[in-house]
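Reproduced below: target33.txt, with compact mmCIF, C-alpha atoms and all ligand atoms.
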# COMPACT_ATOMS: atom_id res chain seq x y z
CA MET A 1 0.00 0.00 0.00
CA ALA A 2 1.45 3.32 -0.98
CA PHE A 3 1.07 6.61 0.87
CA THR A 4 -1.59 7.78 -1.62
CA LYS A 5 -4.23 5.45 -0.10
CA PHE A 6 -4.33 7.14 3.30
CA GLY A 7 -6.26 10.24 2.20
CA LEU A 8 -3.39 12.57 3.18
CA SER A 9 -3.56 16.12 1.84
CA PRO A 10 -1.92 16.67 -1.58
CA THR A 11 0.69 19.06 -0.14
CA VAL A 12 1.68 16.61 2.60
CA LEU A 13 1.90 13.82 0.00
CA GLU A 14 4.24 16.01 -1.99
CA GLY A 15 6.41 16.37 1.11
CA VAL A 16 6.47 12.58 1.58
CA LYS A 17 7.51 12.15 -2.02
CA ALA A 18 10.27 14.70 -1.64
CA MET A 19 11.55 12.75 1.38
CA GLY A 20 11.91 9.74 -0.89
CA TYR A 21 9.61 7.50 1.13
CA VAL A 22 8.04 4.84 -1.08
CA ASP A 23 6.37 2.35 1.25
CA PRO A 24 4.92 3.11 4.65
CA THR A 25 6.59 1.39 7.62
CA PRO A 26 4.46 -0.99 9.75
CA ILE A 27 3.65 1.68 12.35
CA GLN A 28 2.68 4.13 9.60
CA LEU A 29 0.44 1.52 7.99
CA ARG A 30 -1.41 1.00 11.24
CA ALA A 31 -1.37 4.41 12.90
CA ILE A 32 -2.04 6.75 9.97
CA PRO A 33 -5.58 5.44 9.23
CA LEU A 34 -6.50 5.61 12.95
CA ILE A 35 -5.24 9.18 13.34
CA MET A 36 -6.97 10.17 10.10
CA GLU A 37 -10.21 8.77 11.61
CA GLY A 38 -9.73 10.99 14.64
CA ARG A 39 -8.87 8.23 17.11
CA ASP A 40 -6.49 8.61 20.06
CA VAL A 41 -3.55 6.31 19.40
CA ILE A 42 -0.98 4.68 21.67
CA GLY A 43 2.02 3.64 19.62
CA SER A 44 4.19 1.25 21.50
CA ALA A 45 7.10 1.60 19.16
CA GLN A 46 10.72 2.55 19.39
CA THR A 47 12.56 5.20 17.46
CA GLY A 48 13.72 4.17 14.05
CA THR A 49 10.32 2.70 13.23
CA GLY A 50 9.13 5.80 11.37
CA LYS A 51 6.85 6.98 14.16
CA THR A 52 7.43 10.68 13.50
CA ALA A 53 5.82 10.43 10.07
CA ALA A 54 3.16 8.09 11.54
CA PHE A 55 1.74 10.95 13.61
CA ALA A 56 2.90 13.98 11.64
CA LEU A 57 1.54 13.10 8.19
CA PRO A 58 -2.12 12.64 9.20
CA ILE A 59 -2.12 15.56 11.63
CA LEU A 60 -0.48 17.96 9.16
CA SER A 61 -3.03 16.86 6.57
CA LYS A 62 -5.82 17.79 8.99
CA LEU A 63 -4.28 21.17 9.83
CA ASP A 64 -4.18 21.89 6.11
CA GLN A 65 -3.83 25.71 5.99
CA HIS A 66 -1.97 28.15 8.23
CA GLN A 67 -3.90 29.75 11.08
CA PRO A 68 -2.28 32.05 13.61
CA GLN A 69 -2.72 29.70 16.58
CA THR A 70 -1.07 26.52 17.76
CA ARG A 71 -3.14 23.51 16.82
CA LEU A 72 -0.54 20.74 17.08
CA LEU A 73 1.62 20.37 20.18
CA VAL A 74 4.37 17.72 20.25
CA LEU A 75 6.18 17.11 23.55
CA GLU A 76 9.65 15.55 23.50
CA PRO A 77 11.95 14.51 26.37
CA THR A 78 15.20 16.05 25.09
CA ARG A 79 16.26 19.10 23.15
CA GLU A 80 17.92 17.00 20.46
CA LEU A 81 14.78 14.98 19.87
CA ALA A 82 12.70 18.15 19.80
CA ALA A 83 15.06 19.63 17.18
CA GLN A 84 15.06 16.42 15.16
CA VAL A 85 11.28 16.08 15.17
CA GLU A 86 10.83 19.74 14.29
CA THR A 87 13.13 19.26 11.29
CA ALA A 88 11.18 16.19 10.18
CA ILE A 89 7.86 18.03 10.52
CA ARG A 90 9.21 21.01 8.57
CA ASP A 91 10.28 18.60 5.84
CA PHE A 92 6.88 16.94 5.66
CA ALA A 93 5.16 20.35 5.71
CA ARG A 94 7.44 22.08 3.23
CA PHE A 95 4.78 22.32 0.51
CA THR A 96 2.14 23.62 2.95
CA ASN A 97 1.97 27.12 4.41
CA LEU A 98 1.93 25.75 7.98
CA ARG A 99 4.37 27.34 10.45
CA VAL A 100 6.44 25.24 12.79
CA ALA A 101 8.48 26.26 15.84
CA VAL A 102 10.61 24.44 18.39
CA ILE A 103 10.97 25.35 22.04
CA PHE A 104 13.60 23.93 24.39
CA GLY A 105 15.71 24.96 27.34
CA GLY A 106 19.39 25.82 27.48
CA VAL A 107 19.11 28.68 24.95
CA GLY A 108 17.84 32.25 25.15
CA TYR A 109 14.16 33.20 25.02
CA GLY A 110 14.45 35.87 22.31
CA LYS A 111 14.20 33.79 19.16
CA GLN A 112 11.57 31.52 20.68
CA ASN A 113 9.47 34.54 21.69
CA ASP A 114 9.76 35.93 18.16
CA ALA A 115 8.62 32.62 16.67
CA LEU A 116 5.73 32.35 19.12
CA ARG A 117 4.61 35.91 18.42
CA THR A 118 4.25 35.22 14.70
CA GLY A 119 1.67 32.54 15.43
CA VAL A 120 2.71 28.95 14.72
CA ASP A 121 0.48 26.05 13.76
CA VAL A 122 2.86 23.42 15.12
CA LEU A 123 4.84 23.65 18.32
CA VAL A 124 7.45 21.01 19.18
CA ALA A 125 8.71 21.45 22.74
CA THR A 126 10.40 20.04 25.78
CA PRO A 127 8.12 20.34 28.82
CA GLY A 128 10.17 22.59 31.14
CA ARG A 129 10.76 25.47 28.74
CA LEU A 130 7.24 25.28 27.36
CA LEU A 131 5.86 25.70 30.89
CA ASP A 132 8.10 28.76 31.35
CA HIS A 133 6.69 30.30 28.17
CA LEU A 134 3.15 29.48 29.25
CA GLN A 135 3.70 31.05 32.66
CA GLN A 136 5.18 34.16 31.05
CA GLY A 137 2.17 34.41 28.76
CA ASN A 138 4.32 34.02 25.62
CA CYS A 139 2.11 31.33 24.16
CA LYS A 140 -1.34 29.87 24.48
CA LEU A 141 -2.50 26.33 24.05
CA ASP A 142 -6.23 26.98 24.19
CA ARG A 143 -6.71 26.29 20.48
CA VAL A 144 -4.70 23.05 20.43
CA GLN A 145 -6.51 20.24 18.61
CA HIS A 146 -3.78 17.60 18.49
CA VAL A 147 -1.29 16.60 21.18
CA VAL A 148 1.53 14.11 20.69
CA LEU A 149 3.39 12.81 23.72
CA ASP A 150 6.51 11.32 22.18
CA GLU A 151 8.91 8.99 24.02
CA ALA A 152 6.60 9.10 27.02
CA ASP A 153 8.64 6.56 28.98
CA ARG A 154 11.72 8.76 28.65
CA MET A 155 9.73 11.78 29.81
CA LEU A 156 8.78 9.71 32.86
CA ASP A 157 12.42 8.68 33.47
CA MET A 158 13.46 12.31 33.34
CA GLY A 159 10.82 13.42 35.83
CA PHE A 160 8.76 15.41 33.32
CA LEU A 161 5.35 13.85 33.95
CA PRO A 162 4.14 16.57 36.38
CA ASP A 163 5.10 19.22 33.79
CA VAL A 164 3.36 17.24 31.06
CA ARG A 165 0.19 17.15 33.14
CA ARG A 166 0.28 20.89 33.74
CA ILE A 167 0.77 21.51 30.03
CA LEU A 168 -2.14 19.23 29.16
CA GLU A 169 -4.31 21.13 31.62
CA SER A 170 -3.71 24.22 29.45
CA CYS A 171 -4.98 22.40 26.35
CA PRO A 172 -8.66 21.94 25.51
CA ARG A 173 -10.12 18.65 26.72
CA GLN A 174 -11.66 18.19 23.32
CA ARG A 175 -8.60 17.16 21.33
CA GLN A 176 -6.90 14.22 19.68
CA THR A 177 -4.03 12.78 21.74
CA SER A 178 -1.35 10.35 20.56
CA LEU A 179 1.25 8.81 22.81
CA PHE A 180 4.40 6.96 21.79
CA SER A 181 6.42 4.92 24.22
CA ALA A 182 8.68 1.89 23.88
CA THR A 183 7.33 0.58 27.19
CA ILE A 184 4.14 1.34 29.14
CA PRO A 185 5.05 1.40 32.86
CA PRO A 186 2.23 2.00 35.40
CA ALA A 187 2.81 5.79 35.57
CA ILE A 188 2.29 6.01 31.81
CA GLU A 189 -0.80 3.83 32.11
CA THR A 190 -2.19 6.37 34.60
CA LEU A 191 -1.34 9.23 32.25
CA ILE A 192 -3.08 7.41 29.40
CA GLN A 193 -6.25 7.02 31.46
CA TRP A 194 -6.18 10.65 32.47
CA ALA A 195 -5.15 12.24 29.18
CA MET A 196 -6.58 10.05 26.45
CA SER A 197 -9.99 9.06 25.29
CA ASN A 198 -10.74 5.48 24.26
CA PRO A 199 -7.28 5.03 22.73
CA GLU A 200 -6.39 2.33 20.24
CA THR A 201 -3.02 0.65 20.75
CA VAL A 202 -0.71 -0.01 17.85
CA GLU A 203 2.08 -2.29 18.90
CA ILE A 204 5.14 -2.70 16.79
CA GLY A 205 7.24 -5.41 18.38
CA ALA A 206 10.41 -4.00 19.79
CA ARG A 207 13.44 -5.43 18.13
CA ARG A 208 14.91 -8.02 20.44
CA THR A 209 17.56 -9.39 18.17
CA PRO A 210 20.57 -7.48 16.98
CA ALA A 211 20.85 -6.96 13.23
CA GLU A 212 22.78 -9.75 11.56
CA THR A 213 25.12 -7.18 10.09
CA VAL A 214 26.42 -6.28 13.56
CA LYS A 215 29.23 -8.36 15.02
CA HIS A 216 28.99 -7.87 18.74
CA VAL A 217 31.34 -9.23 21.34
CA ILE A 218 32.20 -8.74 25.00
CA TYR A 219 35.64 -7.89 26.32
CA PRO A 220 35.86 -9.01 29.95
CA VAL A 221 38.39 -6.90 31.82
CA SER A 222 39.31 -5.98 35.36
CA ASP A 223 37.90 -2.72 36.64
CA THR A 224 41.34 -1.10 36.81
CA GLN A 225 42.15 -1.81 33.17
CA LYS A 226 38.98 -0.57 31.53
CA THR A 227 40.42 2.67 30.19
CA ASP A 228 43.67 0.99 29.07
CA LEU A 229 41.66 -1.57 27.15
CA LEU A 230 39.54 1.15 25.55
CA VAL A 231 42.65 3.02 24.42
CA ALA A 232 44.19 -0.20 23.11
CA LEU A 233 41.01 -1.10 21.22
CA LEU A 234 40.87 2.30 19.56
CA GLU A 235 44.51 1.93 18.56
CA ARG A 236 44.06 -1.48 17.02
CA VAL A 237 40.71 -1.08 15.32
CA ASN A 238 40.42 0.49 11.92
CA TYR A 239 37.33 2.59 12.51
CA ASP A 240 35.77 5.43 10.57
CA SER A 241 33.49 6.68 13.28
CA VAL A 242 32.79 5.30 16.71
CA ILE A 243 30.24 6.02 19.40
CA ILE A 244 31.32 5.22 22.94
CA PHE A 245 28.43 4.82 25.36
CA CYS A 246 28.88 5.63 29.03
CA ARG A 247 26.34 5.27 31.81
CA THR A 248 26.80 8.65 33.44
CA LYS A 249 27.52 12.20 32.33
CA HIS A 250 30.49 12.32 34.62
CA GLY A 251 31.83 9.06 33.21
CA ALA A 252 31.34 10.34 29.65
CA ASP A 253 33.34 13.49 30.48
CA ARG A 254 36.13 11.45 32.04
CA VAL A 255 36.39 9.10 29.07
CA ALA A 256 36.32 12.02 26.63
CA GLN A 257 39.09 13.85 28.48
CA MET A 258 41.19 10.73 28.60
CA LEU A 259 40.76 10.12 24.85
CA LYS A 260 41.60 13.73 24.06
CA ARG A 261 44.83 13.30 25.99
CA ASN A 262 45.48 10.33 23.73
CA ASN A 263 45.08 12.52 20.64
CA HIS A 264 41.64 11.42 19.50
CA SER A 265 39.21 13.95 18.07
CA VAL A 266 36.31 13.60 20.47
CA ALA A 267 32.83 15.08 20.83
CA VAL A 268 30.68 14.61 23.93
CA LEU A 269 26.91 14.37 24.08
CA HIS A 270 25.12 14.43 27.42
CA SER A 271 22.44 16.48 29.03
CA ASN A 272 24.72 18.68 31.15
CA ARG A 273 26.31 20.19 28.08
CA THR A 274 24.98 23.50 26.83
CA GLN A 275 22.69 23.46 23.84
CA SER A 276 25.30 24.88 21.49
CA GLU A 277 27.90 22.36 22.72
CA ARG A 278 25.47 19.56 22.01
CA GLU A 279 24.65 20.87 18.56
CA GLN A 280 28.32 21.33 17.72
CA ALA A 281 29.08 17.82 18.96
CA LEU A 282 26.38 16.23 16.80
CA LEU A 283 27.14 18.30 13.74
CA GLY A 284 30.88 17.75 14.02
CA PHE A 285 30.40 14.02 14.41
CA ARG A 286 27.99 13.78 11.49
CA GLU A 287 30.35 15.79 9.30
CA GLY A 288 33.33 13.67 10.30
CA ARG A 289 35.24 16.37 12.19
CA PHE A 290 35.17 14.18 15.27
CA GLU A 291 35.84 10.51 14.84
CA VAL A 292 34.70 9.62 18.33
CA LEU A 293 31.41 10.56 19.98
CA VAL A 294 31.14 9.83 23.69
CA ALA A 295 27.48 9.76 24.72
CA THR A 296 25.05 8.80 27.44
CA ASP A 297 21.90 6.86 26.58
CA ILE A 298 19.52 9.66 27.42
CA ALA A 299 21.33 12.15 25.20
CA ALA A 300 21.61 9.71 22.32
CA ARG A 301 18.15 8.19 22.64
CA GLY A 302 16.18 8.39 19.45
CA LEU A 303 18.72 10.48 17.61
CA ASP A 304 19.13 9.62 14.00
CA ILE A 305 22.86 8.96 14.20
CA ALA A 306 23.45 5.94 12.07
CA ASP A 307 26.14 4.42 9.93
CA VAL A 308 28.90 4.49 12.47
CA SER A 309 31.51 1.80 11.94
CA HIS A 310 31.89 0.92 15.62
CA VAL A 311 29.97 1.13 18.86
CA ILE A 312 31.81 0.63 22.11
CA ASN A 313 29.89 0.15 25.32
CA TYR A 314 32.37 1.48 27.83
CA ASP A 315 29.71 0.70 30.42
CA VAL A 316 27.25 -2.17 30.14
CA PRO A 317 23.72 -0.73 29.77
CA HIS A 318 21.35 -1.41 32.66
CA HIS A 319 18.29 -1.75 30.42
CA PRO A 320 18.61 -4.68 28.00
CA GLU A 321 16.68 -2.80 25.29
CA ASP A 322 19.34 -0.09 25.41
CA TYR A 323 21.88 -2.70 24.32
CA ILE A 324 19.92 -3.35 21.10
CA HIS A 325 19.42 0.34 20.67
CA ARG A 326 23.10 1.17 21.14
CA ILE A 327 24.53 -1.52 18.91
CA GLY A 328 21.88 -0.76 16.27
CA ARG A 329 23.77 2.45 15.53
CA THR A 330 26.18 0.38 13.52
CA GLY A 331 25.65 -2.21 10.80
CA ARG A 332 22.84 -0.27 9.15
CA ALA A 333 21.73 -0.64 5.56
CA GLU A 334 23.73 -3.75 4.74
CA ALA A 335 26.98 -2.18 5.92
CA SER A 336 28.62 -4.30 8.57
CA GLY A 337 29.53 -2.93 11.94
CA ASP A 338 31.20 -3.96 15.14
CA ALA A 339 29.99 -3.47 18.67
CA PHE A 340 32.27 -4.07 21.63
CA THR A 341 31.15 -4.17 25.23
CA LEU A 342 33.63 -3.83 28.08
CA MET A 343 32.52 -5.97 31.00
CA ILE A 344 33.82 -5.88 34.55
CA ALA A 345 32.88 -8.35 37.28
CA GLU A 346 30.06 -6.25 38.70
CA ASP A 347 28.40 -6.09 35.27
CA SER A 348 27.72 -9.84 35.22
CA ASN A 349 24.03 -9.67 36.08
CA HIS A 350 23.38 -6.95 33.55
CA VAL A 351 25.14 -8.94 30.86
CA PHE A 352 23.11 -12.02 31.72
CA ALA A 353 19.92 -9.93 31.52
CA ILE A 354 20.93 -8.73 28.05
CA GLU A 355 21.68 -12.29 26.94
CA ARG A 356 18.30 -13.46 28.17
CA PHE A 357 16.61 -10.55 26.43
CA ILE A 358 18.22 -11.23 23.06
CA ASN A 359 18.19 -15.00 23.64
CA GLN A 360 21.83 -15.30 22.67
CA LYS A 361 25.07 -15.74 24.44
CA ILE A 362 27.44 -12.95 23.46
CA THR A 363 30.89 -14.16 22.55
CA ARG A 364 33.66 -13.21 25.00
CA VAL A 365 36.90 -12.18 23.38
CA LYS A 366 40.32 -11.00 24.47
CA LEU A 367 42.43 -8.43 22.74
CA GLU A 368 45.63 -9.99 21.53
CA ASN A 369 48.89 -8.77 23.05
CA PHE A 370 47.12 -6.75 25.70
CA GLU A 371 48.60 -7.37 29.11
CA TYR A 372 45.57 -8.45 31.03
CA ARG A 373 45.40 -8.52 34.78
CA TYR A 374 43.47 -11.48 36.08
CA THR A 375 39.75 -11.17 36.70
CA ALA A 376 37.39 -13.92 37.82
CA LEU A 377 35.41 -13.19 34.66
CA PHE A 378 37.96 -15.21 32.72
CA GLU A 379 36.70 -18.31 34.54
CA GLN A 380 33.08 -17.83 33.48
CA ASP A 381 33.36 -19.45 30.10
CA LYS A 382 35.48 -22.39 31.01
CA PRO A 383 33.64 -25.71 30.52
CA GLY A 384 31.50 -26.52 33.52
CA ALA A 385 31.52 -22.97 34.81
CA LYS A 386 28.22 -21.47 35.88
CA SER A 387 26.75 -19.14 33.33
CA GLY A 388 23.90 -16.73 33.70
CA TYR A 389 22.63 -17.60 30.27
CA THR A 390 20.19 -20.48 30.10
CA GLY A 391 18.80 -19.89 26.64
CA SER A 392 18.34 -22.03 23.58
CA ALA A 393 20.83 -24.39 21.99
CA ARG A 394 21.22 -21.93 19.13
CA ALA A 395 23.37 -19.77 21.30
CA VAL A 396 26.97 -19.40 20.32
CA ARG A 397 28.99 -20.88 23.14
CA VAL A 398 32.62 -20.30 23.68
CA HIS A 399 34.17 -23.44 25.07
CA GLY A 400 37.52 -23.80 26.63
CA GLY A 401 38.62 -20.23 26.64
CA TYR A 402 38.30 -17.27 24.39
CA HIS A 403 37.90 -16.34 20.82
CA PHE A 404 40.28 -13.66 19.82
CA ALA A 405 39.00 -10.56 18.16
CA PRO A 406 39.24 -10.73 14.40
CA GLY A 407 42.51 -9.29 13.21
CA ARG A 408 42.25 -5.74 12.05
CA ARG A 409 44.54 -3.37 10.36
CA ARG A 410 46.23 -0.86 12.55
CA LYS A 411 45.14 2.66 11.75
P1 LIG A 501 11.68 7.89 13.25
O1 LIG A 501 11.39 6.56 13.88
O2 LIG A 501 10.47 8.70 13.02
O3 LIG A 501 12.77 8.63 13.98
O4 LIG A 501 12.25 7.60 11.76
C1 LIG A 501 13.47 6.92 11.58
C2 LIG A 501 14.05 7.17 10.19
O5 LIG A 501 13.26 6.49 9.19
C3 LIG A 501 14.08 8.63 9.77
O6 LIG A 501 15.34 8.87 9.17
C4 LIG A 501 12.96 8.75 8.75
O7 LIG A 501 13.22 9.77 7.79
C5 LIG A 501 12.95 7.37 8.11
N1 LIG A 501 11.61 6.97 7.59
C6 LIG A 501 10.42 7.11 8.22
N2 LIG A 501 9.43 6.60 7.47
C7 LIG A 501 9.98 6.11 6.34
C8 LIG A 501 9.46 5.45 5.17
N3 LIG A 501 8.16 5.17 5.03
N4 LIG A 501 10.34 5.09 4.22
C9 LIG A 501 11.66 5.35 4.37
N5 LIG A 501 12.23 5.96 5.44
C10 LIG A 501 11.39 6.34 6.43
Using structure tokens, write down the structure from this file.
Amino acid sequence: MAFTKFGLSPTVLEGVKAMGYVDPTPIQLRAIPLIMEGRDVIGSAQTGTGKTAAFALPILSKLDQHQPQTRLLVLEPTRELAAQVETAIRDFARFTNLRVAVIFGGVGYGKQNDALRTGVDVLVATPGRLLDHLQQGNCKLDRVQHVVLDEADRMLDMGFLPDVRRILESCPRQRQTSLFSATIPPAIETLIQWAMSNPETVEIGARRTPAETVKHVIYPVSDTQKTDLLVALLERVNYDSVIIFCRTKHGADRVAQMLKRNNHSVAVLHSNRTQSEREQALLGFREGRFEVLVATDIAARGLDIADVSHVINYDVPHHPEDYIHRIGRTGRAEASGDAFTLMIAEDSNHVFAIERFINQKITRVKLENFEYRYTALFEQDKPGAKSGYTGSARAVRVHGGYHFAPGRRRK
């Protein structure tokens, strides 16, 4: 089924064509007709599924012509996502006369006030700054007809739900509400009951298996050698671009500083950085000025950064789905990619949780000619040793020691 069957407006269809989309993705196939019908929709889908177009195309079609008041409000958990979604909406709406603005914290109010004063049809915003604008009387939401709560579970994680509620209280009750969330924890369930009316759920199974084009392995290492191993890996591996994921902002800063001292060109992406630092980091990485991007999950969540040659998990993610999400940044579109995870003893349970989630044992490897200090982790894969993984026989087991990482050219 092509996009022409949905009854989208001709100008929006033109935008879709200009984007080069040919076939709708599964979430678009299921959500667009429901939103066109006027239903409230819960999309339990992750980023990368095409969910932005799934809500934007039907809603922009309904908005049709410019009016000087905000009729579509999209809430996003992070500034980067807000900027990315605003760009996508502008692209879809480029043949319409609809006006789009984005509002987020960490930057001045001037430009945002100017945009709000001109009267925008579509407002994409992070909750905190939008509330500030509302309280200062810079914008009104009393003519809003469509609300999209994007990445609702992340908004919950970041403590935004009270702000979201206050914003929704400023919108008319009579409206169409869509909510997207990879998971639906109880707090989101409560929000759904409070904010939505007879919603229809569209579930697009979260990817639980890594792409076959990604070779992913674990490097067990003692706590004290983690940074040495990271430096050695970067020296040995012939990478074009690499994202290094850290668990905390502080950790990301430390790793970035250490890599800079080792003469790597490094950008850092986490939520304590100023807006312009974050934009520069992303732009520089996309344009190839930085070969290494050190990021936290929250900052990188949902961002369309693909086609990196390597992902390194400096820290093991605590949510198994983040593992899939992180390593999915490489190995896209038939290109192959490598994902390395550094594992210290205290990570064992998190690694086992990931292996259960993806129903695979992840191969443990050692870097050749690296002077390892002993860690009990090296015992885990010896025959007869207890393993946390109890999955199917299809799992790749490493018996009697370690596979060595595939030989790579030195840079
Ligand atoms: P999203 O999940 O909305 O962040 O979209 C992920 C990526 O898929 C973006 O780069 C979109 O431009 C792209 N995309 C969305 N829908 C389609 C489609 N129907 N065909 C091709 N690419 C798409």
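Considering only C-alpha atoms and all ligand atoms, the residue among A:Arg129, A:His66, A:Arg329, A:Arg356 positioned nearest to ligand LIG 501 (chain A) is A:Arg329.
The spacing separating atom CA of Thr118 of chain A from atom CA of Val144 of chain A amounts to 16.2 Å.
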Checklist entry - Which residues, written as a PyMOL selection string, have at least one atom at most 10 Å from segment 194-198 of chain A, with all atoms listed in the file counted and residues fewer than 2 positions away on the same chain left out? => result chain A and resi 39-42+147+165+168-169+173-179+188-192+200-201
Checklist entry - What is the distance between atom CA of His350 of chain A and atom CA of Gly43 of chain A, in Å to one decimal? => result 27.6 Å
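Minimum atom-to-atom distance to Leu131 of chain A, evaluated using all atoms listed in the file, belongs to A:Ile167 out of A:Leu149, A:Ile167, A:Leu342, A:Ile218.
Within 6 Å of segment 307-313 of chain A, once only C-alpha atoms are used and residues closer than 4 positions along the same chain are dropped, the contacting residues are Tyr239, Asp240, Ser241, Val242, Ile243, Ile244, Phe245, Thr330, Arg332, Gly337, Asp338, Ala339, Phe340 and Thr341 of chain A.
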Edge lengths and centre in Å, axis-aligned, segment 286-298 of chain A plus 3 Å each side, as lines of an AutoDock Vina configuration file:
center_x = 27.7
center_y = 11.6
center_z = 18.4
size_x = 22.3
size_y = 15.5
size_z = 24.1
Checklist entry - Which residue, A:Ile362, A:Val266, A:Ala18, A:Ala125, has the smallest gap to ligand LIG 501 (chain A) when you use only C-alpha atoms and all ligand atoms? => result A:Ala18
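Nearest residue to Asp297 of chain A, choosing from A:Ile344, A:Ala252, A:Ala54, A:Ile103 and counting only C-alpha atoms: A:Ala252.
Listed by chain and then residue number, the contacts of ligand LIG 501 (chain A) are Met19, Gly20, Tyr21, Val22, Asp23, Pro24, Thr25, Gln28, Gln46, Thr47, Gly48, Thr49, Gly50, Lys51, Thr52, Ala53, Ala54, Val85, Ala88, Gly302, Leu303 and Asp304 of chain A (distance at most 8 Å, using all atoms listed in the file).
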Item to check | Selected residue of minimal separation from Phe180 of chain A among A:Gly38, A:Pro77, A:Gly108, A:Pro320, counting all atoms listed in the file | outcome: A:Pro77
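If all atoms listed in the file are the atoms counted, then among A:Leu8, A:Val202, A:Ile184, A:Leu73 the closest residue to Leu141 of chain A is A:Leu73.
Neighbours of Thr96 of chain A closer than or equal to 8 Å, with all atoms listed in the file counted and sequence neighbours fewer than 5 positions away skipped, come out as Thr11, Val12, Asp64 and Gln65 of chain A.
Taking atom CA of Val292 of chain A and atom CA of His264 of chain A as the two end points, the separation is 7.3 Å.
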Item to check | Residues within 10 Å of (23.0, 20.6, 32.3), counting all atoms listed in the file, listed as a VMD selection string | outcome: chain A and resid 105 to 106 249 270 to 275
File of the preceding selection, C-alpha atoms, as a JSON list (two decimals), in the frame of the given file:
[["chain", "number", "residue", "atom", "x", "y", "z"],
["A", 105, "GLY", "CA", 15.71, 24.96, 27.34],
["A", 106, "GLY", "CA", 19.39, 25.82, 27.48],
["A", 249, "LYS", "CA", 27.52, 12.20, 32.33],
["A", 270, "HIS", "CA", 25.12, 14.43, 27.42],
["A", 271, "SER", "CA", 22.44, 16.48, 29.03],
["A", 272, "ASN", "CA", 24.72, 18.68, 31.15],
["A", 273, "ARG", "CA", 26.31, 20.19, 28.08],
["A", 274, "THR", "CA", 24.98, 23.50, 26.83],
["A", 275, "GLN", "CA", 22.69, 23.46, 23.84]]
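When the distance limit is 8 Å and only C-alpha atoms are what count, the residues near Pro220 of chain A, minus those fewer than 4 positions from it on the same chain, are Leu342, Met343, Ile344, Ala345, Arg364, Val365, Lys366, Leu377 and Phe378 of chain A.
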Item to check | Contact residues around Ala267 of chain A with only C-alpha atoms at 8 Å, ignoring same-chain residues under 4 positions, as a PyMOL selection string | outcome: chain A and resi 256+281-282+284-285+290+292-294
Checklist entry - Taking (11.1, 31.8, 23.6) in the file's coordinates, which residues come within 10 Å, counting all atoms listed in the file, written as a PyMOL selection string? => result chain A and resi 101-105+107-117+129-130+132-133+136+138-139
